[in-house]
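What follows is the content of start-v1.txt, which has compact mmCIF, C-alpha atoms and all ligand atoms:
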```txt
# COMPACT_ATOMS: atom_id res chain seq x y z
CA MET A 127 0.00 0.00 0.00
CA LYS A 128 1.16 3.48 -0.88
CA VAL A 129 0.23 5.36 2.30
CA ALA A 130 0.10 9.14 2.79
CA VAL A 131 0.10 10.45 6.36
CA VAL A 132 -1.28 13.98 6.18
CA GLY A 133 -0.25 15.92 9.28
CA ALA A 134 2.80 13.67 9.75
CA THR A 135 4.65 16.32 11.80
CA GLY A 136 1.81 16.74 14.32
CA MET A 137 0.95 14.95 17.56
CA VAL A 138 -1.47 12.49 15.95
CA GLY A 139 0.71 12.11 12.83
CA GLU A 140 3.72 11.16 14.88
CA VAL A 141 1.74 8.47 16.72
CA MET A 142 0.28 7.38 13.39
CA LEU A 143 3.80 6.60 12.09
CA LYS A 144 4.60 4.73 15.30
CA VAL A 145 1.39 2.66 15.19
CA LEU A 146 1.80 1.86 11.46
CA ALA A 147 5.26 0.49 12.25
CA GLU A 148 4.17 -1.41 15.39
CA ARG A 149 1.28 -3.10 13.61
CA ASN A 150 3.40 -3.88 10.57
CA PHE A 151 0.90 -2.16 8.33
CA PRO A 152 1.65 -3.18 4.72
CA VAL A 153 3.32 0.10 3.71
CA THR A 154 5.22 -0.22 0.44
CA GLU A 155 5.68 3.53 0.05
CA LEU A 156 5.26 6.14 2.76
CA ILE A 157 4.33 9.72 1.88
CA PRO A 158 4.56 12.05 4.88
CA VAL A 159 2.61 15.24 4.28
CA ALA A 160 2.40 18.51 6.22
CA SER A 161 2.00 22.22 5.64
CA GLU A 162 4.30 24.19 3.34
CA ARG A 163 6.26 25.19 6.48
CA SER A 164 7.43 21.62 6.90
CA VAL A 165 8.14 20.62 3.31
CA GLY A 166 11.68 19.24 3.15
CA LYS A 167 11.83 18.38 6.87
CA THR A 168 12.22 14.71 7.67
CA VAL A 169 10.19 12.25 9.73
CA THR A 170 11.40 8.81 10.74
CA TYR A 171 9.53 5.62 9.98
CA LYS A 172 10.98 2.21 10.87
CA GLY A 173 14.43 3.74 11.27
CA THR A 174 14.45 5.46 7.87
CA ASP A 175 14.13 9.20 7.28
CA TYR A 176 11.45 10.38 4.85
CA LYS A 177 11.14 13.88 3.42
CA VAL A 178 7.87 15.69 4.08
CA VAL A 179 5.98 16.78 0.96
CA GLY A 180 3.14 19.23 0.40
CA LEU A 181 -0.47 18.30 -0.32
CA GLU A 182 -0.31 18.99 -4.06
CA THR A 183 2.67 16.66 -4.49
CA ALA A 184 1.03 14.00 -2.35
CA VAL A 185 -2.17 13.97 -4.47
CA SER A 186 -0.10 13.66 -7.64
CA MET A 187 1.57 10.56 -6.17
CA ARG A 188 -1.86 8.86 -6.03
CA PRO A 189 -1.59 7.03 -2.70
CA ASP A 190 -3.89 4.05 -2.07
CA ILE A 191 -4.74 5.33 1.41
CA ALA A 192 -4.36 8.75 3.03
CA LEU A 193 -4.57 9.02 6.81
CA PHE A 194 -5.49 12.64 7.58
CA SER A 195 -4.84 14.49 10.84
CA ALA A 196 -4.18 18.05 9.77
CA GLY A 197 -7.26 19.92 10.97
CA GLY A 198 -10.76 20.36 9.58
CA ASP A 199 -10.00 23.03 6.98
CA THR A 200 -7.25 20.93 5.38
CA SER A 201 -9.58 17.93 5.29
CA LEU A 202 -12.47 19.87 3.81
CA GLU A 203 -10.31 21.20 1.00
CA TRP A 204 -8.00 18.26 0.33
CA ALA A 205 -9.78 15.00 1.20
CA PRO A 206 -12.05 15.33 -1.91
CA LYS A 207 -8.99 15.95 -4.10
CA PHE A 208 -7.37 12.74 -2.82
CA ALA A 209 -10.65 10.87 -3.25
CA GLU A 210 -10.92 12.09 -6.84
CA ALA A 211 -7.42 10.77 -7.46
CA GLY A 212 -8.63 7.33 -6.32
CA THR A 213 -7.25 7.49 -2.78
CA THR A 214 -9.32 6.29 0.17
CA VAL A 215 -9.11 8.90 2.94
CA VAL A 216 -9.54 8.15 6.63
CA ASP A 217 -9.95 11.52 8.32
CA ASN A 218 -9.32 12.40 11.96
CA SER A 219 -10.77 15.90 11.92
CA SER A 220 -14.37 16.86 12.56
CA ALA A 221 -14.84 17.95 8.92
CA TRP A 222 -16.87 14.95 7.68
CA ARG A 223 -18.11 13.25 10.81
CA MET A 224 -21.70 14.42 10.72
CA ASP A 225 -21.97 14.50 6.91
CA PRO A 226 -24.79 12.02 6.20
CA SER A 227 -22.94 10.75 3.12
CA LYS A 228 -19.87 9.76 5.16
CA LYS A 229 -19.45 6.84 7.57
CA LEU A 230 -18.26 7.51 11.11
CA VAL A 231 -16.43 4.39 12.17
CA VAL A 232 -15.18 2.64 15.29
CA PRO A 233 -14.08 -0.69 13.79
CA GLU A 234 -15.17 -2.82 16.76
CA ILE A 235 -18.69 -1.40 16.41
CA ASN A 236 -19.61 -0.54 12.83
CA ALA A 237 -16.81 -1.27 10.33
CA ASN A 238 -19.22 -3.69 8.64
CA GLU A 239 -21.02 -0.62 7.19
CA LEU A 240 -18.00 0.17 4.99
CA THR A 241 -18.09 -0.47 1.24
CA LYS A 242 -15.73 0.10 -1.68
CA ASP A 243 -17.61 3.32 -2.45
CA ASP A 244 -16.56 4.97 0.82
CA LYS A 245 -13.71 7.18 -0.31
CA ILE A 246 -13.76 9.55 2.66
CA ILE A 247 -14.27 7.84 6.01
CA ALA A 248 -14.48 9.77 9.27
CA ASN A 249 -12.73 8.83 12.47
CA PRO A 250 -14.81 9.94 15.49
CA ASN A 251 -13.70 12.46 18.08
CA CYS A 252 -11.22 11.02 20.60
CA SER A 253 -13.52 11.39 23.60
CA THR A 254 -16.40 9.82 21.64
CA ILE A 255 -14.38 6.73 20.70
CA GLN A 256 -13.53 5.71 24.26
CA LEU A 257 -17.10 6.44 25.36
CA VAL A 258 -18.80 4.30 22.70
CA MET A 259 -16.30 1.47 23.10
CA ALA A 260 -17.74 0.95 26.60
CA LEU A 261 -21.34 1.95 25.88
CA ALA A 262 -21.99 -0.09 22.71
CA PRO A 263 -21.92 -3.60 24.29
CA LEU A 264 -23.96 -2.42 27.30
CA HIS A 265 -26.54 -0.73 25.08
CA LYS A 266 -26.99 -3.94 23.11
CA LYS A 267 -28.11 -5.79 26.23
CA TYR A 268 -29.69 -3.16 28.49
CA ASN A 269 -30.84 -0.41 26.10
CA MET A 270 -29.56 2.95 27.28
CA LYS A 271 -31.85 5.97 27.38
CA ARG A 272 -29.62 8.79 28.58
CA VAL A 273 -25.89 9.32 29.15
CA VAL A 274 -24.36 12.16 31.17
CA VAL A 275 -20.63 12.47 30.61
CA SER A 276 -18.03 14.81 32.10
CA THR A 277 -14.59 14.66 30.55
CA TYR A 278 -11.15 15.36 32.00
CA GLN A 279 -9.15 15.85 28.83
CA SER A 280 -5.44 15.76 28.20
CA VAL A 281 -3.58 18.74 26.71
CA SER A 282 -2.28 16.39 24.00
CA GLY A 283 -5.83 16.48 22.61
CA THR A 284 -5.31 20.08 21.56
CA GLY A 285 -2.03 19.45 19.70
CA ILE A 286 1.64 20.32 19.97
CA LYS A 287 1.07 23.97 20.92
CA ALA A 288 -0.90 23.01 24.05
CA VAL A 289 1.63 20.43 25.23
CA LYS A 290 4.28 23.12 24.83
CA GLN A 291 2.18 25.59 26.86
CA LEU A 292 1.98 23.14 29.77
CA GLU A 293 5.71 22.33 29.54
CA ASN A 294 6.53 26.05 29.52
CA GLU A 295 4.34 26.67 32.55
CA ILE A 296 5.98 23.82 34.48
CA ALA A 297 9.44 25.13 33.53
CA GLY A 298 8.42 28.72 34.40
CA VAL A 299 9.14 29.90 30.86
CA GLU A 300 7.01 32.46 28.97
CA GLY A 301 5.76 31.19 25.62
CA GLU A 302 2.94 30.92 23.13
CA MET A 303 -0.46 30.17 24.66
CA ALA A 304 -2.76 27.52 23.17
CA TYR A 305 -5.47 28.28 25.73
CA PRO A 306 -6.88 31.62 26.91
CA TYR A 307 -5.68 30.83 30.48
CA PRO A 308 -2.88 28.92 32.18
CA ILE A 309 -3.52 25.16 32.10
CA GLY A 310 -1.04 24.06 34.80
CA ARG A 311 -2.77 23.73 38.22
CA ASN A 312 -5.99 24.59 36.45
CA ALA A 313 -9.12 23.06 34.88
CA LEU A 314 -10.70 24.74 31.87
CA PRO A 315 -14.39 23.95 31.25
CA HIS A 316 -13.71 24.85 27.65
CA CYS A 317 -12.66 22.30 25.00
CA ASP A 318 -12.88 23.60 21.43
CA VAL A 319 -15.03 26.65 20.64
CA PHE A 320 -18.27 27.79 22.26
CA LEU A 321 -21.47 27.47 20.23
CA GLU A 322 -24.69 29.48 20.31
CA ASN A 323 -26.41 26.95 22.59
CA GLY A 324 -23.79 27.53 25.32
CA TYR A 325 -22.11 24.18 24.79
CA THR A 326 -18.66 23.75 23.27
CA LYS A 327 -18.13 22.04 19.93
CA GLU A 328 -16.41 19.17 21.79
CA GLU A 329 -19.50 18.70 23.98
CA MET A 330 -21.77 18.60 20.94
CA LYS A 331 -19.49 16.03 19.28
CA LEU A 332 -20.02 13.84 22.35
CA ALA A 333 -23.76 14.43 22.15
CA LYS A 334 -24.17 13.64 18.45
CA GLU A 335 -21.46 11.21 17.31
CA PRO A 336 -22.50 8.21 19.49
CA GLN A 337 -25.96 8.15 17.88
CA LYS A 338 -24.46 8.06 14.41
CA ILE A 339 -21.90 5.35 15.28
CA LEU A 340 -24.52 3.15 16.95
CA ASN A 341 -27.04 4.04 14.23
CA ASP A 342 -29.61 4.68 16.95
CA SER A 343 -31.23 7.93 18.04
CA SER A 344 -33.28 6.37 20.83
CA PHE A 345 -30.82 7.60 23.48
CA SER A 346 -29.41 11.04 24.26
CA VAL A 347 -26.06 12.24 25.56
CA SER A 348 -25.38 15.36 27.65
CA ALA A 349 -21.71 16.38 27.98
CA THR A 350 -19.42 18.74 29.85
CA ALA A 351 -15.86 18.75 28.50
CA VAL A 352 -13.00 19.94 30.70
CA ARG A 353 -9.32 20.35 29.88
CA ILE A 354 -6.91 19.41 32.68
CA PRO A 355 -3.10 19.44 32.87
CA THR A 356 -2.53 15.77 32.02
CA ALA A 357 -0.80 14.45 28.94
CA GLY A 358 -1.37 10.69 28.74
CA GLY A 359 -5.04 10.39 27.90
CA HIS A 360 -8.60 11.50 28.40
CA SER A 361 -10.73 10.43 31.37
CA GLU A 362 -14.50 10.42 31.52
CA SER A 363 -17.00 10.21 34.35
CA VAL A 364 -20.02 8.54 32.78
CA ASN A 365 -23.55 8.14 34.12
CA VAL A 366 -25.77 5.85 32.04
CA GLN A 367 -29.48 5.36 32.52
CA PHE A 368 -30.76 2.14 30.97
CA GLU A 369 -34.30 1.22 30.07
CA ASN A 370 -33.86 -2.17 31.71
CA ASP A 371 -32.45 -3.05 35.08
CA PHE A 372 -29.03 -4.63 35.00
CA ASP A 373 -26.89 -6.94 36.99
CA LEU A 374 -23.61 -5.28 38.02
CA ALA A 375 -21.67 -8.55 37.71
CA ASP A 376 -23.04 -8.91 34.18
CA ILE A 377 -21.96 -5.35 33.30
CA ARG A 378 -18.41 -6.24 34.40
CA LYS A 379 -18.56 -9.51 32.46
CA ILE A 380 -19.79 -7.82 29.26
CA LEU A 381 -17.09 -5.14 29.45
CA SER A 382 -14.37 -7.70 30.26
CA GLU A 383 -15.35 -9.72 27.20
CA THR A 384 -15.43 -6.70 24.86
CA PRO A 385 -12.42 -6.66 22.52
CA GLY A 386 -10.39 -3.49 23.08
CA VAL A 387 -11.84 -2.85 26.56
CA VAL A 388 -10.00 -3.64 29.81
CA VAL A 389 -11.79 -3.58 33.16
CA GLN A 390 -9.61 -2.18 35.96
CA ASP A 391 -11.92 -2.14 38.91
CA ASN A 392 -10.98 -3.23 42.39
CA THR A 393 -11.49 -0.72 45.17
CA GLU A 394 -9.72 -3.01 47.67
CA THR A 395 -6.46 -2.68 45.74
CA ASN A 396 -7.06 0.90 44.57
CA SER A 397 -7.31 -0.40 41.04
CA TYR A 398 -8.91 2.05 38.60
CA PRO A 399 -7.95 3.54 35.23
CA MET A 400 -5.63 6.55 35.11
CA PRO A 401 -4.18 8.50 32.18
CA ILE A 402 -0.54 7.91 33.11
CA TYR A 403 -1.09 4.15 32.76
CA ALA A 404 -3.37 4.34 29.72
CA HIS A 405 -0.67 6.36 27.98
CA ASP A 406 0.73 4.62 24.89
CA LYS A 407 -1.82 1.79 25.12
CA ASP A 408 -4.49 0.95 22.58
CA GLU A 409 -7.12 -0.32 25.00
CA VAL A 410 -9.97 1.58 26.61
CA PHE A 411 -9.84 1.15 30.40
CA VAL A 412 -13.02 1.08 32.49
CA GLY A 413 -13.32 1.18 36.26
CA ARG A 414 -15.25 2.59 39.24
CA ILE A 415 -18.20 0.55 37.96
CA ARG A 416 -21.09 1.05 40.37
CA ARG A 417 -24.79 1.58 40.61
CA ASP A 418 -26.09 5.14 40.74
CA GLU A 419 -27.95 4.89 44.03
CA SER A 420 -29.96 8.03 43.30
CA GLN A 421 -31.87 6.60 40.34
CA ALA A 422 -33.15 3.24 39.07
CA ASN A 423 -31.43 1.33 36.24
CA THR A 424 -28.49 3.73 36.26
CA LEU A 425 -24.77 3.03 36.19
CA ASN A 426 -21.68 5.10 36.97
CA MET A 427 -18.26 4.35 35.50
CA TRP A 428 -14.89 5.92 34.74
CA ILE A 429 -13.39 5.50 31.28
CA VAL A 430 -9.79 6.31 30.31
CA ALA A 431 -7.91 5.94 27.02
CA ASP A 432 -4.92 7.42 25.23
CA ASN A 433 -6.52 10.05 22.98
CA LEU A 434 -3.64 9.92 20.53
CA ARG A 435 -3.87 6.12 20.13
CA LYS A 436 -7.38 4.58 20.32
CA GLY A 437 -8.77 8.13 20.22
CA ALA A 438 -7.00 8.89 16.95
CA ALA A 439 -4.10 7.02 15.31
CA THR A 440 -4.95 3.44 16.28
CA ASN A 441 -8.64 3.75 15.39
CA THR A 442 -7.72 5.28 12.01
CA ILE A 443 -5.24 2.52 11.26
CA GLN A 444 -7.72 -0.17 12.36
CA ILE A 445 -10.16 1.28 9.81
CA ALA A 446 -7.46 1.11 7.13
CA GLU A 447 -6.64 -2.50 8.14
CA TYR A 448 -10.31 -3.42 7.84
CA LEU A 449 -10.43 -1.91 4.34
CA ILE A 450 -7.44 -3.98 3.27
CA GLU A 451 -8.62 -7.22 4.92
CA ASN A 452 -12.00 -6.88 3.21
CA LYS A 453 -10.56 -5.80 -0.15
CA LEU A 454 -12.37 -2.46 0.00
CA VAL A 455 -9.30 -0.51 -1.10
N1 LIG A 501 -4.71 15.35 19.45
C1 LIG A 501 -5.72 14.50 19.55
O1 LIG A 501 -5.94 13.82 20.57
C2 LIG A 501 -6.65 14.29 18.40
C3 LIG A 501 -7.52 13.24 18.46
C4 LIG A 501 -8.40 13.03 17.41
C5 LIG A 501 -8.35 13.88 16.34
N2 LIG A 501 -7.49 14.91 16.29
C6 LIG A 501 -7.49 15.75 15.10
O2 LIG A 501 -6.31 15.53 14.35
C7 LIG A 501 -5.89 16.74 13.75
C8 LIG A 501 -4.45 17.05 14.12
O3 LIG A 501 -4.33 17.12 15.52
P1 LIG A 501 -2.92 17.17 16.26
O4 LIG A 501 -3.22 17.11 17.68
O5 LIG A 501 -1.98 16.19 15.66
O6 LIG A 501 -2.44 18.68 15.87
P2 LIG A 501 -0.97 19.27 15.76
O7 LIG A 501 -0.05 18.59 16.67
O8 LIG A 501 -1.14 20.73 15.84
O9 LIG A 501 -0.51 18.90 14.24
C9 LIG A 501 -1.17 19.42 13.12
C10 LIG A 501 -0.60 18.77 11.85
O10 LIG A 501 -1.34 19.23 10.73
C11 LIG A 501 -0.44 19.83 9.79
N3 LIG A 501 -1.08 20.96 9.12
C12 LIG A 501 -1.60 22.07 9.69
N4 LIG A 501 -2.07 22.90 8.73
C13 LIG A 501 -1.84 22.29 7.54
C14 LIG A 501 -2.08 22.64 6.20
N5 LIG A 501 -2.67 23.79 5.88
N6 LIG A 501 -1.70 21.79 5.24
C15 LIG A 501 -1.10 20.60 5.55
N7 LIG A 501 -0.84 20.21 6.81
C16 LIG A 501 -1.21 21.06 7.79
C17 LIG A 501 0.72 20.30 10.63
O11 LIG A 501 1.84 20.50 9.81
P3 LIG A 501 3.00 21.55 10.21
O12 LIG A 501 3.88 20.84 11.23
O13 LIG A 501 3.70 21.77 8.93
O14 LIG A 501 2.33 22.76 10.77
C18 LIG A 501 0.86 19.10 11.58
O15 LIG A 501 1.48 18.02 10.94
C19 LIG A 501 -6.92 17.79 14.15
O16 LIG A 501 -7.90 17.85 13.14
C20 LIG A 501 -7.49 17.23 15.41
O17 LIG A 501 -8.79 17.70 15.64
C21 LIG A 501 -6.61 15.14 17.29
```
In structure tokens, how does this file's structure come out?
Amino acid sequence: MKVAVVGATGMVGEVMLKVLAERNFPVTELIPVASERSVGKTVTYKGTDYKVVGLETAVSMRPDIALFSAGGDTSLEWAPKFAEAGTTVVDNSSAWRMDPSKKLVVPEINANELTKDDKIIANPNCSTIQLVMALAPLHKKYNMKRVVVSTYQSVSGTGIKAVKQLENEIAGVEGEMAYPYPIGRNALPHCDVFLENGYTKEEMKLAKEPQKILNDSSFSVSATAVRIPTAGGHSESVNVQFENDFDLADIRKILSETPGVVVQDNTETNSYPMPIYAHDKDEVFVGRIRRDESQANTLNMWIVADNLRKGAATNTIQIAEYLIENKLV
């Protein structure tokens, strides 16, 4: 496969190269792509240096697959150009996610919807992916009605500039700000931009994307997204109201048997998911599983995953692997 990685110099792009190598993705030719600022710079893949090219050059090289993580505007403008050149695009930005003509895919849940005609495929938002990985198998059995989620999101979710801001603050150095306020020793109830309804765009992604992925609008999601000074992954406090009563042991069993989900839940040994341990792992970790004692048929849990891996690079590459395995590309 001739593979273009668009945004190869960014946080997600860098992890993308690492995950492609780790999973031995069948790359016969790698095309790292970034903005004009980076053309000529090198990135390393499997010990070899590759020169970064611009978007125009990359399209003319007609890759089989292009893995995009270069922001929504780049995707809106360039994904169709790649698709017209015969390339299948898997896009990490929010550009195509809610477009009814595009599939929004978490491979463990709905990769079977993909066909050869899908030339631009959307990767869900990082905080959505870890949420639906845990919700989908529970919904199947107990039928959820309403989800209330509060996120505790890593600065790595904002990109290189935000990680640098936190590092500068820790080192006591003045520098460029990714956020309107300091992030060290702080919590910002502000992920992505504010919308007219008072929610942020990140919160509305959490509200809308799960319904599309599960192809089911019979449940609703209410979200509050908060940025905190962690780097290893996003955490989520999740309250789920089901239509049917559940057995807590069965909830644990279902989650334990779900591919890609790891249950870490033992209060006697202080075992629960945390971003520093989820860091650099592909699994979604679930713990603090307990009944909401204030309301019937309702569950509380804590979900953590590395936003750059399952939340972005790994999920994208799993989609590409599915396309290859099923001869859809
Ligand atoms: N971070 C996450 O957890 C996460 C998770 C899921 C999805 N995403 C999405 O993935 C995308 C990238 O996120 P990130 O965190 O990796 O950001 P980042 O660290 O800021 O990197 C952005 C990348 O995009 C490239 N780029 C920017 N403008 C471009 C342009 N006009 N043409 C070509 N390339 C351009 C940059 O190239 P230069 O180095 O040349 O500027 C860089 O490689 C965003 O759409 C984001 O929403 C991020």
Can I get the residues of chain A within 6 Å of ligand LIG 501 (chain A), each with the closest pair of atoms and their distance in Å to one decimal, using only C-alpha atoms and all ligand atoms, sorted chain first then ascending number, as a Markdown table?
```
| residue | atom | partner | partner_atom | distance |
| --- | --- | --- | --- | --- |
| A:Gly133 | CA | A:LIG501 | O15 | 3.2 |
| A:Ala134 | CA | A:LIG501 | O15 | 4.7 |
| A:Thr135 | CA | A:LIG501 | O15 | 3.7 |
| A:Gly136 | CA | A:LIG501 | O9 | 3.2 |
| A:Met137 | CA | A:LIG501 | O5 | 3.7 |
| A:Val138 | CA | A:LIG501 | O5 | 3.7 |
| A:Gly139 | CA | A:LIG501 | O5 | 5.6 |
| A:Ala160 | CA | A:LIG501 | N7 | 3.7 |
| A:Ser161 | CA | A:LIG501 | C15 | 3.5 |
| A:Arg163 | CA | A:LIG501 | O13 | 4.9 |
| A:Ser164 | CA | A:LIG501 | O13 | 4.2 |
| A:Ser195 | CA | A:LIG501 | C7 | 3.8 |
| A:Ala196 | CA | A:LIG501 | O10 | 3.2 |
| A:Gly197 | CA | A:LIG501 | O16 | 3.1 |
| A:Gly198 | CA | A:LIG501 | O16 | 5.2 |
| A:Thr200 | CA | A:LIG501 | N5 | 5.4 |
| A:Asn218 | CA | A:LIG501 | C5 | 4.7 |
| A:Ser219 | CA | A:LIG501 | O16 | 3.7 |
| A:Asn251 | CA | A:LIG501 | C4 | 5.4 |
| A:Cys252 | CA | A:LIG501 | C4 | 4.7 |
| A:Ser282 | CA | A:LIG501 | N1 | 5.3 |
| A:Gly283 | CA | A:LIG501 | O1 | 3.4 |
| A:Thr284 | CA | A:LIG501 | N1 | 5.2 |
| A:Gly285 | CA | A:LIG501 | O4 | 3.3 |
| A:Ile286 | CA | A:LIG501 | O7 | 4.1 |
| A:Asn433 | CA | A:LIG501 | O1 | 4.5 |
| A:Leu434 | CA | A:LIG501 | O1 | 4.5 |
| A:Gly437 | CA | A:LIG501 | C3 | 5.5 |
| A:Ala438 | CA | A:LIG501 | C4 | 4.4 |
```
Atoms kept (C-alpha atoms) for selection, written as a compact mmCIF listing (two decimals), keeping the file's coordinate frame:
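Saved to again.txt:
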```txt
# COMPACT_ATOMS: atom_id res chain seq x y z
CA GLY A 133 -0.25 15.92 9.28
CA ALA A 134 2.80 13.67 9.75
CA THR A 135 4.65 16.32 11.80
CA GLY A 136 1.81 16.74 14.32
CA MET A 137 0.95 14.95 17.56
CA VAL A 138 -1.47 12.49 15.95
CA GLY A 139 0.71 12.11 12.83
CA ALA A 160 2.40 18.51 6.22
CA SER A 161 2.00 22.22 5.64
CA ARG A 163 6.26 25.19 6.48
CA SER A 164 7.43 21.62 6.90
CA SER A 195 -4.84 14.49 10.84
CA ALA A 196 -4.18 18.05 9.77
CA GLY A 197 -7.26 19.92 10.97
CA GLY A 198 -10.76 20.36 9.58
CA THR A 200 -7.25 20.93 5.38
CA ASN A 218 -9.32 12.40 11.96
CA SER A 219 -10.77 15.90 11.92
CA ASN A 251 -13.70 12.46 18.08
CA CYS A 252 -11.22 11.02 20.60
CA SER A 282 -2.28 16.39 24.00
CA GLY A 283 -5.83 16.48 22.61
CA THR A 284 -5.31 20.08 21.56
CA GLY A 285 -2.03 19.45 19.70
CA ILE A 286 1.64 20.32 19.97
CA ASN A 433 -6.52 10.05 22.98
CA LEU A 434 -3.64 9.92 20.53
CA GLY A 437 -8.77 8.13 20.22
CA ALA A 438 -7.00 8.89 16.95
```
### Query
Between atom CA of Leu261 of chain A and atom CA of Gln421 of chain A, what is the distance, to one decimal in Å?
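Computing the Euclidean distance for atom CA of Leu261 of chain A and atom CA of Gln421 of chain A yields 18.5 Å.
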Sorted per-residue table, segment 195-304 of chain A near segment 370-386 of chain A, closest atoms and distance, 8 Å, all atoms listed in the file, as JSON lines:
```
{"residue": "A:Glu234", "atom": "CA", "partner": "A:Pro385", "partner_atom": "CA", "distance": 7.4}
{"residue": "A:Met259", "atom": "CA", "partner": "A:Gly386", "partner_atom": "CA", "distance": 7.7}
{"residue": "A:Ala260", "atom": "CA", "partner": "A:Leu381", "partner_atom": "CA", "distance": 6.8}
{"residue": "A:Pro263", "atom": "CA", "partner": "A:Ile380", "partner_atom": "CA", "distance": 6.9}
{"residue": "A:Leu264", "atom": "CA", "partner": "A:Ile377", "partner_atom": "CA", "distance": 7.0}
{"residue": "A:Tyr268", "atom": "CA", "partner": "A:Asn370", "partner_atom": "CA", "distance": 5.4}
{"residue": "A:Asn269", "atom": "CA", "partner": "A:Asn370", "partner_atom": "CA", "distance": 6.6}
```
### Task
Calculate how many Å separate atom CA of Met427 of chain A from atom CA of Lys338 of chain A, rounding to one decimal.
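Spanning atom CA of Met427 of chain A to atom CA of Lys338 of chain A is a straight-line distance of 22.3 Å.
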### Query
atom CA of Pro308 of chain A to atom CA of Gln291 of chain A: how many Å, to one decimal?
8.1 Å
### Message
I'd like the neighbourhood of segment 208-215 of chain A as number ranges by chain, where a residue qualifies if any of its atoms comes within 6 Å (using all atoms listed in the file), though same-chain residues fewer than 2 positions away should be ignored.
### Response
A: 185, 189-193, 205-206, 245-246
### Task
Measuring atom to atom with only C-alpha atoms, identify which of A:Ala288, A:Asp243, A:Val129, A:Pro336 is nearest to Pro152 of chain A.
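Nearest to Pro152 of chain A: A:Val129.
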### Task
Give me the residues within 7 Å of Val281 of chain A as a PyMOL selection string, counting only C-alpha atoms and dropping any in the same chain fewer than 3 places off.
chain A and resi 284+288-289+353-357
Dump as a Markdown table the rows for residues of segment 181-263 of chain A within 8 Å of segment 448-451 of chain A: closest atom pair and distance in Å with one decimal, all atoms listed in the file counted, ordered by chain and rising residue number.
```
| residue | atom | partner | partner_atom | distance |
| --- | --- | --- | --- | --- |
| A:Pro233 | CA | A:Tyr448 | CA | 7.6 |
| A:Ala237 | CA | A:Tyr448 | CA | 7.3 |
| A:Leu240 | CA | A:Leu449 | CA | 7.9 |
```
Which residues are near Glu335 of chain A? Cut-off 8 Å, all atoms listed in the file, ignore same chain within fewer than 6 positions. Put them as an mmCIF file with C-alpha atoms, in the coordinates of the input.
```
data_model
loop_
_atom_site.group_PDB
_atom_site.id
_atom_site.type_symbol
_atom_site.label_atom_id
_atom_site.label_comp_id
_atom_site.auth_asym_id
_atom_site.auth_seq_id
_atom_site.Cartn_x
_atom_site.Cartn_y
_atom_site.Cartn_z
ATOM 1 C CA ARG A 223 -18.110 13.250 10.810
ATOM 2 C CA MET A 224 -21.700 14.420 10.720
ATOM 3 C CA LEU A 230 -18.260 7.510 11.110
ATOM 4 C CA PRO A 250 -14.810 9.940 15.490
ATOM 5 C CA ASN A 251 -13.700 12.460 18.080
ATOM 6 C CA THR A 254 -16.400 9.820 21.640
#
```
Step by step, gather every atom of segment 202-208 of chain A that the file lists, find the box along x, y and z that holds them, add 8 Å on each side, and finally give centre and edge lengths in Å to one decimal, as JSON.
```
{"center_x": -9.9, "center_y": 17.0, "center_z": -0.1, "size_x": 21.1, "size_y": 24.5, "size_z": 23.9}
```
### Query
Closest to Ala130 of chain A among A:Asn441, A:Ser220, A:Asn365, A:Thr154, using only C-alpha atoms?
A:Thr154
### Query
Given the choices A:Lys331, A:Val364, A:Gly310, A:His405, which gets closest to Ala297 of chain A if the distance is worked out from only C-alpha atoms?
A:Gly310
List the neighbours of Tyr278 of chain A out to 12 Å using only C-alpha atoms; skip same-chain residues closer than 6 positions along the sequence, and give me the result as a CSV table (one decimal) with C-alpha atoms, keeping the file's coordinate frame.
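Output saved as out.csv:
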```csv
chain,number,residue,atom,x,y,z
A,253,SER,CA,-13.5,11.4,23.6
A,312,ASN,CA,-6.0,24.6,36.4
A,313,ALA,CA,-9.1,23.1,34.9
A,314,LEU,CA,-10.7,24.7,31.9
A,315,PRO,CA,-14.4,24.0,31.2
A,316,HIS,CA,-13.7,24.8,27.6
A,317,CYS,CA,-12.7,22.3,25.0
A,349,ALA,CA,-21.7,16.4,28.0
A,350,THR,CA,-19.4,18.7,29.8
A,351,ALA,CA,-15.9,18.8,28.5
A,352,VAL,CA,-13.0,19.9,30.7
A,353,ARG,CA,-9.3,20.4,29.9
A,354,ILE,CA,-6.9,19.4,32.7
A,355,PRO,CA,-3.1,19.4,32.9
A,356,THR,CA,-2.5,15.8,32.0
A,357,ALA,CA,-0.8,14.4,28.9
A,358,GLY,CA,-1.4,10.7,28.7
A,359,GLY,CA,-5.0,10.4,27.9
A,360,HIS,CA,-8.6,11.5,28.4
A,361,SER,CA,-10.7,10.4,31.4
A,362,GLU,CA,-14.5,10.4,31.5
A,363,SER,CA,-17.0,10.2,34.4
A,364,VAL,CA,-20.0,8.5,32.8
A,400,MET,CA,-5.6,6.6,35.1
A,401,PRO,CA,-4.2,8.5,32.2
A,428,TRP,CA,-14.9,5.9,34.7
A,429,ILE,CA,-13.4,5.5,31.3
A,430,VAL,CA,-9.8,6.3,30.3
A,431,ALA,CA,-7.9,5.9,27.0
A,433,ASN,CA,-6.5,10.0,23.0
```
